[in-house]
>>> print(open('query.txt').read())   # compact mmCIF, N, CA and C atoms
# COMPACT_ATOMS: atom_id res chain seq x y z
N MET N 247 223.01 95.80 109.58
CA MET N 247 223.42 94.83 108.57
C MET N 247 224.82 94.32 108.90
N TYR N 248 224.99 93.06 108.72
CA TYR N 248 226.23 92.41 109.13
C TYR N 248 227.46 92.93 108.39
N TYR N 249 227.34 93.26 107.10
CA TYR N 249 228.52 93.69 106.35
C TYR N 249 229.18 94.90 107.00
N GLN N 250 228.39 95.73 107.70
CA GLN N 250 228.95 96.92 108.35
C GLN N 250 229.89 96.57 109.49
N GLN N 251 229.84 95.34 109.94
CA GLN N 251 230.72 94.89 111.01
C GLN N 251 232.00 94.26 110.49
N THR N 252 232.09 94.06 109.18
CA THR N 252 233.27 93.40 108.63
C THR N 252 234.43 94.38 108.48
N GLU N 253 235.62 93.88 108.69
CA GLU N 253 236.81 94.72 108.58
C GLU N 253 237.02 95.21 107.15
N VAL N 254 236.75 94.35 106.18
CA VAL N 254 236.97 94.74 104.79
C VAL N 254 236.07 95.91 104.39
N TRP N 255 234.82 95.89 104.81
CA TRP N 255 233.90 96.98 104.48
C TRP N 255 234.33 98.27 105.21
N LYS N 256 234.69 98.14 106.49
CA LYS N 256 235.13 99.32 107.26
C LYS N 256 236.35 99.97 106.60
N ARG N 257 237.29 99.15 106.17
CA ARG N 257 238.50 99.71 105.53
C ARG N 257 238.18 100.28 104.16
N ALA N 258 237.27 99.66 103.44
CA ALA N 258 236.86 100.21 102.14
C ALA N 258 236.19 101.58 102.33
N MET N 259 235.42 101.72 103.38
CA MET N 259 234.81 103.02 103.70
C MET N 259 235.88 104.05 104.05
N GLN N 260 236.91 103.61 104.77
CA GLN N 260 238.01 104.50 105.11
C GLN N 260 238.72 104.97 103.83
N VAL N 261 238.93 104.05 102.89
CA VAL N 261 239.53 104.42 101.61
C VAL N 261 238.68 105.48 100.93
N ALA N 262 237.37 105.28 100.87
CA ALA N 262 236.48 106.23 100.21
C ALA N 262 236.57 107.62 100.86
N ARG N 263 236.55 107.64 102.19
CA ARG N 263 236.67 108.94 102.88
C ARG N 263 237.99 109.63 102.56
N GLU N 264 239.07 108.86 102.54
CA GLU N 264 240.38 109.43 102.24
C GLU N 264 240.44 109.93 100.79
N VAL N 265 239.83 109.20 99.88
CA VAL N 265 239.81 109.62 98.48
C VAL N 265 239.10 110.97 98.36
N TYR N 266 237.96 111.12 99.02
CA TYR N 266 237.25 112.40 98.96
C TYR N 266 238.11 113.53 99.51
N ARG N 267 238.91 113.23 100.51
CA ARG N 267 239.80 114.26 101.06
C ARG N 267 240.91 114.61 100.07
N VAL N 268 241.48 113.61 99.42
CA VAL N 268 242.62 113.83 98.53
C VAL N 268 242.21 114.48 97.20
N VAL N 269 241.03 114.14 96.69
CA VAL N 269 240.63 114.74 95.41
C VAL N 269 240.38 116.23 95.53
N ALA N 270 240.25 116.73 96.74
CA ALA N 270 240.08 118.17 96.93
C ALA N 270 241.30 118.94 96.44
N PHE N 271 242.45 118.25 96.34
CA PHE N 271 243.67 118.89 95.84
C PHE N 271 243.66 119.04 94.31
N MET N 272 242.77 118.34 93.64
CA MET N 272 242.77 118.33 92.18
C MET N 272 242.39 119.70 91.62
N PRO N 273 242.92 120.02 90.44
CA PRO N 273 242.59 121.31 89.84
C PRO N 273 241.10 121.38 89.44
N ALA N 274 240.58 122.59 89.40
CA ALA N 274 239.16 122.81 89.11
C ALA N 274 238.76 122.23 87.75
N GLU N 275 239.66 122.26 86.78
CA GLU N 275 239.31 121.75 85.45
C GLU N 275 239.06 120.24 85.43
N GLU N 276 239.46 119.55 86.48
CA GLU N 276 239.22 118.11 86.56
C GLU N 276 237.95 117.78 87.34
N ARG N 277 237.22 118.80 87.75
CA ARG N 277 236.01 118.61 88.55
C ARG N 277 234.98 117.72 87.85
N PHE N 278 234.89 117.81 86.53
CA PHE N 278 233.90 117.04 85.78
C PHE N 278 234.53 115.95 84.92
N ALA N 279 235.82 115.73 85.07
CA ALA N 279 236.51 114.73 84.25
C ALA N 279 236.99 113.58 85.13
N ALA N 280 238.23 113.62 85.55
CA ALA N 280 238.82 112.51 86.30
C ALA N 280 238.30 112.41 87.73
N ARG N 281 238.03 113.53 88.34
CA ARG N 281 237.61 113.52 89.75
C ARG N 281 236.38 112.64 90.01
N PRO N 282 235.31 112.78 89.23
CA PRO N 282 234.15 111.90 89.48
C PRO N 282 234.46 110.42 89.25
N GLN N 283 235.33 110.13 88.31
CA GLN N 283 235.69 108.74 88.06
C GLN N 283 236.45 108.16 89.25
N ILE N 284 237.32 108.97 89.85
CA ILE N 284 238.09 108.54 91.01
C ILE N 284 237.15 108.27 92.19
N THR N 285 236.24 109.20 92.45
CA THR N 285 235.35 109.02 93.60
C THR N 285 234.37 107.87 93.36
N ARG N 286 233.89 107.70 92.13
CA ARG N 286 232.99 106.57 91.84
C ARG N 286 233.68 105.24 92.08
N ALA N 287 234.94 105.13 91.64
CA ALA N 287 235.68 103.88 91.85
C ALA N 287 235.86 103.61 93.34
N ALA N 288 236.16 104.65 94.11
CA ALA N 288 236.35 104.48 95.55
C ALA N 288 235.07 104.03 96.24
N VAL N 289 233.97 104.66 95.91
CA VAL N 289 232.68 104.32 96.51
C VAL N 289 232.23 102.93 96.08
N SER N 290 232.53 102.57 94.86
CA SER N 290 232.13 101.27 94.31
C SER N 290 232.69 100.10 95.11
N ILE N 291 233.86 100.25 95.66
CA ILE N 291 234.48 99.15 96.42
C ILE N 291 233.59 98.77 97.60
N ALA N 292 233.31 99.74 98.46
CA ALA N 292 232.49 99.46 99.64
C ALA N 292 231.07 99.05 99.26
N CYS N 293 230.51 99.70 98.24
CA CYS N 293 229.14 99.38 97.82
C CYS N 293 229.02 97.95 97.31
N ASN N 294 229.99 97.50 96.54
CA ASN N 294 229.93 96.14 96.01
C ASN N 294 230.18 95.09 97.09
N ILE N 295 231.00 95.41 98.06
CA ILE N 295 231.17 94.51 99.21
C ILE N 295 229.82 94.36 99.92
N ALA N 296 229.16 95.49 100.16
CA ALA N 296 227.87 95.47 100.85
C ALA N 296 226.82 94.71 100.04
N GLU N 297 226.73 95.02 98.77
CA GLU N 297 225.72 94.36 97.95
C GLU N 297 225.97 92.86 97.84
N GLY N 298 227.22 92.48 97.66
CA GLY N 298 227.55 91.06 97.59
C GLY N 298 227.23 90.33 98.88
N TRP N 299 227.44 91.00 100.00
CA TRP N 299 227.20 90.39 101.30
C TRP N 299 225.74 90.02 101.47
N THR N 300 224.86 90.80 100.86
CA THR N 300 223.42 90.58 101.05
C THR N 300 222.83 89.63 100.02
N ARG N 301 223.60 89.18 99.07
CA ARG N 301 223.09 88.27 98.04
C ARG N 301 222.94 86.86 98.59
N GLU N 302 222.00 86.15 98.02
CA GLU N 302 221.71 84.79 98.47
C GLU N 302 222.72 83.76 97.96
N SER N 303 223.00 83.80 96.67
CA SER N 303 223.82 82.73 96.10
C SER N 303 225.31 83.02 96.24
N SER N 304 226.05 81.96 96.34
CA SER N 304 227.50 82.04 96.43
C SER N 304 228.08 82.67 95.17
N ARG N 305 227.50 82.31 94.03
CA ARG N 305 227.97 82.84 92.75
C ARG N 305 227.82 84.37 92.70
N GLU N 306 226.67 84.87 93.17
CA GLU N 306 226.45 86.32 93.18
C GLU N 306 227.41 87.00 94.16
N LYS N 307 227.59 86.42 95.33
CA LYS N 307 228.52 86.99 96.30
C LYS N 307 229.92 87.11 95.69
N ALA N 308 230.36 86.05 95.04
CA ALA N 308 231.69 86.05 94.41
C ALA N 308 231.77 87.11 93.32
N GLN N 309 230.71 87.27 92.55
CA GLN N 309 230.71 88.27 91.47
C GLN N 309 230.87 89.68 92.03
N PHE N 310 230.17 90.00 93.10
CA PHE N 310 230.28 91.34 93.67
C PHE N 310 231.64 91.58 94.32
N LEU N 311 232.23 90.56 94.90
CA LEU N 311 233.59 90.70 95.43
C LEU N 311 234.57 90.94 94.29
N ALA N 312 234.35 90.29 93.16
CA ALA N 312 235.21 90.49 91.98
C ALA N 312 235.06 91.91 91.45
N ILE N 313 233.85 92.42 91.43
CA ILE N 313 233.62 93.80 90.98
C ILE N 313 234.31 94.78 91.92
N ALA N 314 234.20 94.53 93.23
CA ALA N 314 234.86 95.40 94.21
C ALA N 314 236.37 95.40 93.98
N GLN N 315 236.92 94.23 93.69
CA GLN N 315 238.37 94.16 93.45
C GLN N 315 238.74 94.88 92.15
N GLY N 316 237.90 94.77 91.15
CA GLY N 316 238.14 95.51 89.91
C GLY N 316 238.11 97.01 90.14
N SER N 317 237.18 97.47 90.95
CA SER N 317 237.12 98.89 91.28
C SER N 317 238.36 99.34 92.05
N ALA N 318 238.88 98.47 92.89
CA ALA N 318 240.11 98.79 93.63
C ALA N 318 241.27 98.97 92.66
N ALA N 319 241.36 98.10 91.65
CA ALA N 319 242.43 98.23 90.65
C ALA N 319 242.25 99.51 89.83
N GLU N 320 241.01 99.82 89.48
CA GLU N 320 240.74 101.06 88.75
C GLU N 320 241.15 102.27 89.57
N LEU N 321 240.77 102.28 90.85
CA LEU N 321 241.12 103.39 91.73
C LEU N 321 242.63 103.52 91.87
N ASP N 322 243.32 102.41 92.04
CA ASP N 322 244.77 102.45 92.18
C ASP N 322 245.41 103.09 90.94
N THR N 323 244.94 102.69 89.77
CA THR N 323 245.47 103.25 88.52
C THR N 323 245.23 104.76 88.46
N LEU N 324 244.04 105.19 88.81
CA LEU N 324 243.71 106.62 88.78
C LEU N 324 244.53 107.41 89.80
N LEU N 325 244.77 106.83 90.96
CA LEU N 325 245.59 107.50 91.97
C LEU N 325 247.03 107.66 91.49
N ILE N 326 247.56 106.61 90.87
CA ILE N 326 248.92 106.69 90.33
C ILE N 326 249.00 107.80 89.29
N LEU N 327 248.02 107.81 88.39
CA LEU N 327 247.99 108.85 87.36
C LEU N 327 247.88 110.23 87.99
N GLY N 328 247.00 110.37 88.97
CA GLY N 328 246.82 111.66 89.62
C GLY N 328 248.08 112.19 90.26
N ALA N 329 248.84 111.33 90.88
CA ALA N 329 250.12 111.75 91.48
C ALA N 329 251.15 112.05 90.39
N ASP N 330 251.18 111.20 89.35
CA ASP N 330 252.16 111.38 88.27
C ASP N 330 251.99 112.71 87.52
N VAL N 331 250.75 113.14 87.30
CA VAL N 331 250.53 114.38 86.55
C VAL N 331 250.39 115.60 87.46
N GLY N 332 250.55 115.39 88.76
CA GLY N 332 250.57 116.51 89.69
C GLY N 332 249.21 116.98 90.17
N TRP N 333 248.17 116.17 89.99
CA TRP N 333 246.85 116.56 90.47
C TRP N 333 246.74 116.46 91.98
N MET N 334 247.47 115.52 92.56
CA MET N 334 247.38 115.26 94.00
C MET N 334 248.78 115.09 94.56
N PRO N 335 249.00 115.46 95.82
CA PRO N 335 250.32 115.30 96.43
C PRO N 335 250.70 113.81 96.51
N PRO N 336 251.89 113.46 96.02
CA PRO N 336 252.32 112.06 96.02
C PRO N 336 252.28 111.40 97.40
N ASP N 337 252.63 112.15 98.46
CA ASP N 337 252.62 111.54 99.80
C ASP N 337 251.20 111.22 100.25
N GLU N 338 250.24 112.07 99.90
CA GLU N 338 248.83 111.81 100.23
C GLU N 338 248.33 110.60 99.46
N VAL N 339 248.69 110.53 98.19
CA VAL N 339 248.28 109.40 97.35
C VAL N 339 248.89 108.11 97.88
N ALA N 340 250.15 108.15 98.31
CA ALA N 340 250.81 106.96 98.85
C ALA N 340 250.07 106.44 100.07
N ASN N 341 249.59 107.33 100.92
CA ASN N 341 248.83 106.91 102.10
C ASN N 341 247.53 106.21 101.71
N VAL N 342 246.82 106.78 100.75
CA VAL N 342 245.57 106.17 100.30
C VAL N 342 245.86 104.82 99.64
N ARG N 343 246.92 104.74 98.86
CA ARG N 343 247.26 103.49 98.18
C ARG N 343 247.63 102.40 99.17
N ARG N 344 248.23 102.76 100.31
CA ARG N 344 248.53 101.76 101.34
C ARG N 344 247.24 101.17 101.91
N LEU N 345 246.28 102.04 102.19
CA LEU N 345 244.97 101.57 102.68
C LEU N 345 244.28 100.71 101.62
N LEU N 346 244.35 101.17 100.39
CA LEU N 346 243.72 100.44 99.29
C LEU N 346 244.36 99.07 99.10
N ASP N 347 245.66 98.99 99.27
CA ASP N 347 246.34 97.71 99.16
C ASP N 347 245.84 96.72 100.22
N GLU N 348 245.60 97.21 101.42
CA GLU N 348 245.06 96.36 102.49
C GLU N 348 243.70 95.80 102.08
N VAL N 349 242.84 96.67 101.56
CA VAL N 349 241.51 96.24 101.14
C VAL N 349 241.62 95.23 100.01
N SER N 350 242.47 95.50 99.05
CA SER N 350 242.64 94.59 97.92
C SER N 350 243.13 93.22 98.38
N ARG N 351 244.06 93.19 99.31
CA ARG N 351 244.55 91.92 99.84
C ARG N 351 243.44 91.16 100.58
N MET N 352 242.64 91.89 101.32
CA MET N 352 241.52 91.25 102.02
C MET N 352 240.53 90.65 101.02
N LEU N 353 240.24 91.39 99.96
CA LEU N 353 239.33 90.89 98.93
C LEU N 353 239.92 89.65 98.25
N THR N 354 241.21 89.68 97.96
CA THR N 354 241.86 88.51 97.35
C THR N 354 241.71 87.29 98.25
N THR N 355 241.94 87.46 99.53
CA THR N 355 241.82 86.35 100.48
C THR N 355 240.38 85.84 100.54
N MET N 356 239.44 86.76 100.60
CA MET N 356 238.03 86.36 100.64
C MET N 356 237.64 85.59 99.39
N ARG N 357 238.07 86.08 98.23
CA ARG N 357 237.72 85.41 96.98
C ARG N 357 238.37 84.03 96.90
N ARG N 358 239.62 83.94 97.33
CA ARG N 358 240.33 82.65 97.33
C ARG N 358 239.64 81.67 98.27
N ASN N 359 239.27 82.12 99.45
CA ASN N 359 238.59 81.25 100.41
C ASN N 359 237.24 80.76 99.88
N ARG N 360 236.53 81.62 99.16
CA ARG N 360 235.24 81.22 98.57
C ARG N 360 235.46 80.15 97.51
N ARG N 361 236.51 80.32 96.70
CA ARG N 361 236.80 79.33 95.65
C ARG N 361 237.16 77.98 96.27
N VAL N 362 237.98 78.02 97.31
CA VAL N 362 238.39 76.77 97.98
C VAL N 362 237.17 76.11 98.61
N ALA N 363 236.33 76.88 99.27
CA ALA N 363 235.13 76.32 99.89
C ALA N 363 234.20 75.75 98.83
N GLY N 364 234.09 76.42 97.69
CA GLY N 364 233.25 75.94 96.60
C GLY N 364 233.75 74.63 96.03
N LYS N 365 235.06 74.51 95.89
CA LYS N 365 235.64 73.26 95.39
C LYS N 365 235.39 72.13 96.38
N SER N 366 235.51 72.46 97.66
CA SER N 366 235.28 71.46 98.70
C SER N 366 233.84 70.95 98.64
N LEU N 367 232.90 71.86 98.45
CA LEU N 367 231.49 71.47 98.36
C LEU N 367 231.23 70.67 97.09
N GLY N 368 231.90 71.03 96.02
CA GLY N 368 231.72 70.34 94.75
C GLY N 368 232.31 68.94 94.74
N GLN N 369 233.18 68.65 95.70
CA GLN N 369 233.83 67.34 95.75
C GLN N 369 233.14 66.43 96.77
N GLY N 370 231.88 66.71 97.03
CA GLY N 370 231.14 65.83 97.92
C GLY N 370 231.14 66.24 99.38
N GLY N 371 231.85 67.31 99.69
CA GLY N 371 231.86 67.77 101.08
C GLY N 371 230.55 68.45 101.39
N SER N 372 230.28 68.66 102.65
CA SER N 372 229.06 69.38 103.02
C SER N 372 229.44 70.51 103.94
N ARG N 373 228.54 71.45 104.03
CA ARG N 373 228.81 72.61 104.86
C ARG N 373 227.55 72.92 105.64
N ASN N 374 227.69 73.01 106.92
CA ASN N 374 226.55 73.36 107.76
C ASN N 374 226.59 74.85 108.01
N ALA N 375 225.46 75.50 107.82
CA ALA N 375 225.41 76.95 108.01
C ALA N 375 224.55 77.31 109.19
>>> encode(input="query.txt", output="structure tokens")
Amino acid sequence: MYYQQTEVWKRAMQVAREVYRVVAFMPAEERFAARPQITRAAVSIACNIAEGWTRESSREKAQFLAIAQGSAAELDTLLILGADVGWMPPDEVANVRRLLDEVSRMLTTMRRNRRVAGKSLGQGGSRNA
């Protein structure tokens, strides 16, 4: 599948792997509370990129990219909280947040480019695929 060749998906997968490594530092009492929410948010980024990539309509593709970006913001918030309350080492969290920031910036660029292309098409332009 083509999405597996994209840099944004590869980096989102790297974020997910790093999150699974970092949540291992969390206390046992968070095993059924914050930890699953953190890992779900991390996995959601790559999954929504993949699902959006396979959708037919531009509107659906844009929606899944927006969901992926929302999951990135959720994950960032949870990572900040995790470091602040001492669940995870701040330096480890900082490394994951740097990777996450790269993915978020890539998603922002992709979403902006889709909007610009959509406006161009709506103004009478054509696009050959």
>>> closest_residue(input="query.txt", among="N:Ala258, N:Val339, N:Ala288, N:Asn294", to="Leu327 of chain N", atoms="only C-alpha atoms")
N:Val339
>>> atom_distance(input="query.txt", atom1="atom CA of Phe271 of chain N", atom2="atom CA of Val254 of chain N")
26.6 Å
>>> closest_residue(input="query.txt", among="N:Val268, N:Ala274, N:Ala363, N:Arg281", to="Met334 of chain N", atoms="all atoms listed in the file")
N:Val268
>>> closest_residue(input="query.txt", among="N:Thr355, N:Glu276, N:Thr252, N:Ala287", to="Glu320 of chain N", atoms="all atoms listed in the file")
N:Ala287
>>> residues_around(input="query.txt", residues="Val265 of chain N", least_positions_apart="4", cutoff="7 Å", atoms="all atoms listed in the file", output="list in words")
Gln260, Val261, Val269, Ala270, Ile284, Thr285, Ala288 and Val342 of chain N
>>> select_by_dssp(input="query.txt", residues="chain N", states="helix (DSSP H, G or I)", output="PyMOL selection string")
chain N and resi 248-251+253-271+274-276+280-299+304-330+336-368
>>> residues_around(input="query.txt", residues="Leu311 of chain N", least_positions_apart="5", cutoff="6.5 Å", atoms="all atoms listed in the file", output="PDB file with N, CA and C atoms, in the frame of the given file")
ATOM      1  N   ASN N 294     229.990  97.500  96.540  1.00  0.00           N
ATOM      2  CA  ASN N 294     229.930  96.140  96.010  1.00  0.00           C
ATOM      3  C   ASN N 294     230.180  95.090  97.090  1.00  0.00           C
ATOM      4  N   ILE N 295     231.000  95.410  98.060  1.00  0.00           N
ATOM      5  CA  ILE N 295     231.170  94.510  99.210  1.00  0.00           C
ATOM      6  C   ILE N 295     229.820  94.360  99.920  1.00  0.00           C
ATOM      7  N   GLY N 298     227.220  92.480  97.660  1.00  0.00           N
ATOM      8  CA  GLY N 298     227.550  91.060  97.590  1.00  0.00           C
ATOM      9  C   GLY N 298     227.230  90.330  98.880  1.00  0.00           C
ATOM     10  N   GLU N 306     226.670  84.870  93.170  1.00  0.00           N
ATOM     11  CA  GLU N 306     226.450  86.320  93.180  1.00  0.00           C
ATOM     12  C   GLU N 306     227.410  87.000  94.160  1.00  0.00           C
ATOM     13  N   GLY N 316     237.900  94.770  91.150  1.00  0.00           N
ATOM     14  CA  GLY N 316     238.140  95.510  89.910  1.00  0.00           C
ATOM     15  C   GLY N 316     238.110  97.010  90.140  1.00  0.00           C
TER      16      GLY N 316
END
>>> axis_aligned_box(input="query.txt", around="segment 253-267 of chain N", padding_each_side="8 Å", output="AutoDock Vina command-line options")
--center_x 237.4 --center_y 104.2 --center_z 103.5 --size_x 23.0 --size_y 36.7 --size_z 26.3
>>> residues_around(input="query.txt", residues="Gln250 of chain N", least_positions_apart="2", cutoff="12 Å", atoms="only C-alpha atoms", output="list in words")
Met247, Tyr248, Thr252, Glu253, Val254, Trp255, Lys256, Arg257, Ala258, Met259, Ala292, Cys293, Ile295, Ala296, Glu297, Trp299 and Thr300 of chain N
>>> closest_residue(input="query.txt", among="N:Gln251, N:Gln309, N:Arg277, N:Asp347", to="Trp333 of chain N", atoms="only C-alpha atoms")
N:Arg277
>>> atom_distance(input="query.txt", atom1="atom CA of Val331 of chain N", atom2="atom CA of Ser317 of chain N")
21.0 Å
>>> decode(input="query.txt", residues="segment 305-316 of chain N", atoms="N, CA and C atoms", output="short mmCIF file (atom, residue, chain, number, x, y, z; two decimals), in the first residue's frame")
data_model
loop_
_atom_site.label_atom_id
_atom_site.label_comp_id
_atom_site.auth_asym_id
_atom_site.auth_seq_id
_atom_site.Cartn_x
_atom_site.Cartn_y
_atom_site.Cartn_z
N ARG N 305 -12.71 14.93 0.45
CA ARG N 305 -13.29 15.33 1.73
C ARG N 305 -12.98 14.30 2.82
N GLU N 306 -13.11 13.01 2.47
CA GLU N 306 -12.80 11.95 3.44
C GLU N 306 -11.31 11.95 3.79
N LYS N 307 -10.46 12.10 2.78
CA LYS N 307 -9.02 12.15 3.03
C LYS N 307 -8.69 13.27 4.01
N ALA N 308 -9.26 14.44 3.77
CA ALA N 308 -9.02 15.60 4.64
C ALA N 308 -9.51 15.32 6.06
N GLN N 309 -10.66 14.67 6.18
CA GLN N 309 -11.22 14.37 7.50
C GLN N 309 -10.28 13.46 8.30
N PHE N 310 -9.75 12.44 7.67
CA PHE N 310 -8.86 11.52 8.38
C PHE N 310 -7.52 12.18 8.74
N LEU N 311 -7.03 13.07 7.89
CA LEU N 311 -5.83 13.83 8.25
C LEU N 311 -6.10 14.73 9.45
N ALA N 312 -7.30 15.31 9.50
CA ALA N 312 -7.68 16.15 10.64
C ALA N 312 -7.77 15.33 11.92
N ILE N 313 -8.31 14.13 11.82
CA ILE N 313 -8.40 13.25 12.99
C ILE N 313 -7.00 12.87 13.46
N ALA N 314 -6.11 12.56 12.51
CA ALA N 314 -4.72 12.23 12.87
C ALA N 314 -4.07 13.40 13.60
N GLN N 315 -4.33 14.61 13.12
CA GLN N 315 -3.73 15.78 13.77
C GLN N 315 -4.33 15.99 15.16
N GLY N 316 -5.61 15.74 15.30
CA GLY N 316 -6.24 15.82 16.62
C GLY N 316 -5.64 14.81 17.59
#
